[in-house]
Every structure is written in structure tokens, then in C-alpha cells.
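Structure first, commentary second.
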Amino acid sequence: MNRLRLPLASVPLIAIAWAAYAHNAICDCFDNGDDTITCEGGFSDGAKAVGVPLRVLDTAGKVLVDGKMTDKSDFTFPKPKVDYRVQFDAGQGHVVTIDGRDIEQ
Amino acid sequence: MSSSSRPAARLLAIALGGLVATTAEAHFQLLYTPEAALNESAAIELALVFSHPFDNGFTMNMGKPEEFYVVAQRGEGEPKKTDLTQYLEPIEWSGLDSKAAAYVARPPRTVTRSLGDYTFVLKPAPYYEGNEDKYIQQITKTVINVGGLPGAWDEPLGLPVEIVPLDKPYANWVGGVFRGVVLADGKPVPHAEIEIEFLNHEPQIGERRFDPAAKVTAPQDSFTTLSVRADAAGQIIIGLPKAGWWGICALNLDDGLKHDGKELSLDAVLWIKATDMK
């Protein structure tokens, strides 16, 4: 039975891997001009990125904000006072990193 | 040919020459911006010019547009409509041998700041075409994309007349084909009359003119404006042999419309861009 379970259990994993590779993760951020930053994400087939982790890290890699994309595939956070980068993490090979210095109004 | 028939032949040639001059070019409402597929959001500059894009011929005066807006959609999110009429700036645009009233618009970056598709829509004022004693109104769409995240490029906007893309209008390789469906009142128009022109003289928005240099030369007048028909389902398929913008116009989609007591031809224009593989 155990031998049978393995291939069955791996079916959803294969499907997830295929779906992830079939389209690219996309993320972009802008400065709202009120000391907040909004990041928007999605996939190149138009699919939403609801629940995809979005982290804000300082230059040492310390997590300043640990968020998730809302049901509108976006996430707003207070603009850090220090240099930072944004990491949109849609899984292995699908991580988009944006330097805070490139985020404009 | 006998010598006695020559004057008649000459007259015929003059008459035909006149006919060629009035039918070789198609009127096209331009809703131009240089790039269709942007890697990053930017302020989008647009030129609204009523002209003959292949040969940069006679450019016609535009009246104040009735509607000018953009519909934005990011992925599967809700579409968002933004009125752009406040950004219209009347200007004089120079064609090769004529100048005409036109508009430019430079909405701020905040309008196109999000990822996704942006369908710009222009409903110009009806234009009186004296040669045909009728009005022409071309409802025009130009679709661009920011960042590669698609939106509803394939959805109708519910316009009175429109060409709905079946392929992304902003992501076409040269050598491919573009397909669309002609709709009037939301229904396909079987065998719709279609004209296609290549934007042969690139608009130079800063200089308020078309580039005087042509990209290609037509071997004969039939190639200036390509004429095709939609199929029985209102679908069109066109080839894209050259990089740049291509205008597709579905003509006379109205049903006995009038403006100021004269016939009004209600047309649907869609601009698409082809890109070289390199």
C-alpha cells in the first residue's frame, strides 16, 4: 500500500510544479507618497497572487515586514526608514526581488 | 489605339487618376504611443491624430473628442476606468504636405502605475468628409501592457462598435498573425468591411509631426490600404510582416446613423504592434 501511495501523493506536487513553471511570477512596487509602499503581484497568465508571501528585508537580511498578498494581489506596508529590499516569494525559481531605491512614486 | 480615340483615353486616365487619388488612402484615427509593451510603469504620452498613416498624406482637423479614457485591469482584478479628457492638449500636427488640428495627452505616471493592461479609448468628434458628403466617426482602441501581467485585453468594452482582440495586441512577433472579432452593439458583424494600414511614418510626438521618412514603399496603390473582409463569424486574421504599429479599421458598422442630417459612418479602429524577433 505504501508503494501505491507514493505515486498518488506525488500527483498534486507535479501539478503544482507544472503550473508554477508555465507562467512567471511578476511583482512591482510604488511609493504612495504618504510614507507607505504598495506592491502588486501576479502571474504572467493573469492569475492572482493571493496569499503569496511578501517580505521586506534590510541590507543585512533581517525581515522588517513579513506579509502576504491580499485578495487583490497587493500588499501595503510602512516605508522603512532604512535601505531595504522587497521579496515576492512565489516559490523556488519564482522569487522577485526589488531594491527599495528603485521604488518610485 | 487610333489617334482619334486618344483624347477620350486621356480623359479616362484623368478620371481614373482622380478616382485613385480619392480611394487609395484610408482615414485612420491614430491613438499613438511609442511603446505597447512596457517593462516598467511610466507616464504614457499619446498623440491623437486623424490621418492617412501609410503615406503620411492629408491630415484632417480633429474636433474636441467626445470621450477619451483608459480602462486598466491587473490580472483578474476589477477593471478601472479613468477619464483622460483633462489631459488633452490641442496642438497643430504636421503631415508631409498639410497641417491639422490634433491633440496630445500626457497623463501622469499614477494613471498607468499598476501592472496590467491599459486599453485607451478615443471617441472623436464626427468628422465631415466633404468628398463623400457624410460624417465619419472612428471609435479607436490602443492596448498597452505594463510589466507582462495581462488584464482583459480579450474582453469587449461594451462600445457601440469595436474590434475585440483574440491575440494580445501588444505582444506580436513579426511574421505572426493577429486575430480579432468585429462587434457592433455587442454582436459579431459577418463579412465586415476591413481596412488595414501600416503606420509607415512614425509619429514624432515632441516635434508634432510624422517622420518624413517612410519605412516601406508600396509597389502599387492596392498595398497602401489593405482591404479584407471579416469571415461569416465576424472574425479577421491579418498577417504582420513588418515591425511597428498596424491599424485595423472596420467600416460602416452603423445602421443608418445620422449626424447633422447627414449619413454618419461609425467605424471601429484597433491599433496593434508587431515586434521583430532579435
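By convention here, the chains of the C-alpha cells are called A, B, ... in the order presented, each chain's residues are numbered starting at 1, and ligands are numbered starting at 1 in the order presented.
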
>> Report as a PyMOL selection string all protein, DNA and RNA residues lying within 8 Å of Leu183 (chain B), evaluated on only C-alpha atoms, omitting residues in the same chain fewer than 5 positions from it.
In response: chain B and resi 161-164+188-189+234

Check every residue of chain A for an atom within 10 Å of chain B, counting only C-alpha atoms, and provide those that qualify as a tab-separated table (two decimals) with C-alpha atoms, in the first residue's frame.
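Written out: iface-v8.tsv:
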chain	number	residue	atom	x	y	z
A	24	ASN	CA	6.27	33.72	-14.47
A	25	ALA	CA	5.85	35.48	-11.17
A	26	ILE	CA	5.58	39.25	-11.58
A	27	CYS	CA	5.81	41.93	-8.90
A	28	ASP	CA	6.13	45.70	-8.91
A	29	CYS	CA	6.00	48.31	-6.16
A	30	PHE	CA	5.34	52.02	-5.97
A	32	ASN	CA	2.26	56.14	-2.39
A	38	THR	CA	2.33	49.27	-2.23
A	39	CYS	CA	3.46	46.15	-4.04
A	40	GLU	CA	1.35	44.38	-6.63
A	41	GLY	CA	1.92	40.85	-7.83
A	42	GLY	CA	0.57	38.21	-10.11
A	43	PHE	CA	1.47	35.69	-12.76
A	44	SER	CA	2.03	36.12	-16.48
A	45	ASP	CA	-1.21	34.28	-17.28
A	46	GLY	CA	-3.13	36.86	-15.27
A	47	ALA	CA	-3.61	34.60	-12.23
A	48	LYS	CA	-3.82	36.29	-8.84
A	49	ALA	CA	-1.10	36.01	-6.23
A	71	ASP	CA	-7.21	39.06	-2.17
A	72	LYS	CA	-6.45	41.94	-4.53
A	73	SER	CA	-2.93	40.61	-5.07
A	104	GLU	CA	9.21	55.49	-7.18
A	105	GLN	CA	6.00	57.41	-6.75

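A straight line drawn from CA of Trp173 (chain B) to CA of Pro241 (chain B) is 9.0 Å long.
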
>> Env of Pro78 (chain A): 9 Å cut, atoms = only C-alpha atoms, seq-sep filter 4 positions within chain, self excluded. Answer as a list in words.
In response: Asp34, Asp35, Thr36, Ile37, Thr38 and Val65 of chain A

Output file for the selection above: N, CA and C atoms, as an mmCIF file, in the first residue's frame:
data_model
loop_
_atom_site.group_PDB
_atom_site.id
_atom_site.type_symbol
_atom_site.label_atom_id
_atom_site.label_comp_id
_atom_site.auth_asym_id
_atom_site.auth_seq_id
_atom_site.Cartn_x
_atom_site.Cartn_y
_atom_site.Cartn_z
ATOM 1 N N ASP A 34 2.907 58.804 0.872
ATOM 2 C CA ASP A 34 2.417 59.077 2.225
ATOM 3 C C ASP A 34 3.134 58.178 3.237
ATOM 4 N N ASP A 35 4.388 57.913 2.926
ATOM 5 C CA ASP A 35 5.219 57.031 3.772
ATOM 6 C C ASP A 35 4.751 55.587 3.767
ATOM 7 N N THR A 36 4.020 55.220 2.718
ATOM 8 C CA THR A 36 3.685 53.801 2.553
ATOM 9 C C THR A 36 4.096 53.346 1.148
ATOM 10 N N ILE A 37 4.342 52.059 1.056
ATOM 11 C CA ILE A 37 4.717 51.430 -0.216
ATOM 12 C C ILE A 37 3.661 50.372 -0.529
ATOM 13 N N THR A 38 3.248 50.327 -1.805
ATOM 14 C CA THR A 38 2.331 49.266 -2.229
ATOM 15 C C THR A 38 3.029 48.392 -3.260
ATOM 16 N N VAL A 65 9.286 43.399 7.535
ATOM 17 C CA VAL A 65 7.845 43.173 7.392
ATOM 18 C C VAL A 65 7.657 41.795 6.785
#

>> Taking 4 positions as the minimum chain separation for residues in the same chain, which residues sit within 8 Å of Ile98 (chain A) when counting only C-alpha atoms? Answer as a PyMOL selection string.
In response: chain A and resi 28-29+85-87+102-103

Store the residues picked out above, limited to C-alpha atoms, as a short mmCIF file (atom, residue, chain, number, x, y, z; two decimals), in the first residue's frame.
data_model
loop_
_atom_site.label_atom_id
_atom_site.label_comp_id
_atom_site.auth_asym_id
_atom_site.auth_seq_id
_atom_site.Cartn_x
_atom_site.Cartn_y
_atom_site.Cartn_z
CA ASP A 28 6.13 45.70 -8.91
CA CYS A 29 6.00 48.31 -6.16
CA ARG A 85 14.53 45.30 -0.48
CA VAL A 86 11.21 43.62 -1.21
CA GLN A 87 10.96 39.89 -1.83
CA ASP A 102 14.09 51.60 -7.42
CA ILE A 103 10.62 52.17 -5.96
#

>> Taking the DSSP secondary structure from the backbone, can you list the residues of region 57-86 of chain A that are strand (DSSP E or B), as a PyMOL selection string?
In response: chain A and resi 57-58+63-68+74-78+84-86

Selection from above, C-alpha atoms, as a tab-separated table (two decimals), in the first residue's frame, can you write it?
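This went into part16.tsv:
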chain	number	residue	atom	x	y	z
A	57	LEU	CA	14.28	42.94	4.36
A	58	ASP	CA	17.04	45.30	5.40
A	63	VAL	CA	12.93	40.70	8.00
A	64	LEU	CA	11.32	44.09	8.64
A	65	VAL	CA	7.85	43.17	7.39
A	66	ASP	CA	6.50	39.68	6.86
A	67	GLY	CA	3.33	39.97	4.82
A	68	LYS	CA	1.13	38.17	2.36
A	74	ASP	CA	-1.34	43.59	-3.41
A	75	PHE	CA	0.25	44.49	-0.08
A	76	THR	CA	0.89	47.88	1.52
A	77	PHE	CA	3.44	48.48	4.26
A	78	PRO	CA	5.04	51.47	6.02
A	84	TYR	CA	15.54	47.79	2.12
A	85	ARG	CA	14.53	45.30	-0.48
A	86	VAL	CA	11.21	43.62	-1.21

>> What's the separation between CA of Gln29 (chain B) and CA of Ala184 (chain B), in Å to one decimal place?
In response: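 These two atoms are separated by 18.2 Å.
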
>> Using only C-alpha atoms, which protein or nucleic acid residues come within 10 Å of region 243-249 of chain B? Drop anything in the same chain fewer than 5 positions from it, and give the result as a PyMOL selection string.
In response: chain B and resi 26-36+53-54+138-142+162-163+169-170+172-175+180+182+192-202+215+225-227+236+238+267-277

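Interatomic distance, CA of Ser94 (chain B) to CA of Asp260 (chain B): 28.6 Å.
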
> Do you know which residues are at most 10 Å from Val71 (chain B) counting only C-alpha atoms, after dropping those on the same chain fewer than 2 positions away, and could you put them as a PyMOL selection string?
Replying inline: chain B and resi 69+73+79-83+117-121+143+151-153+157
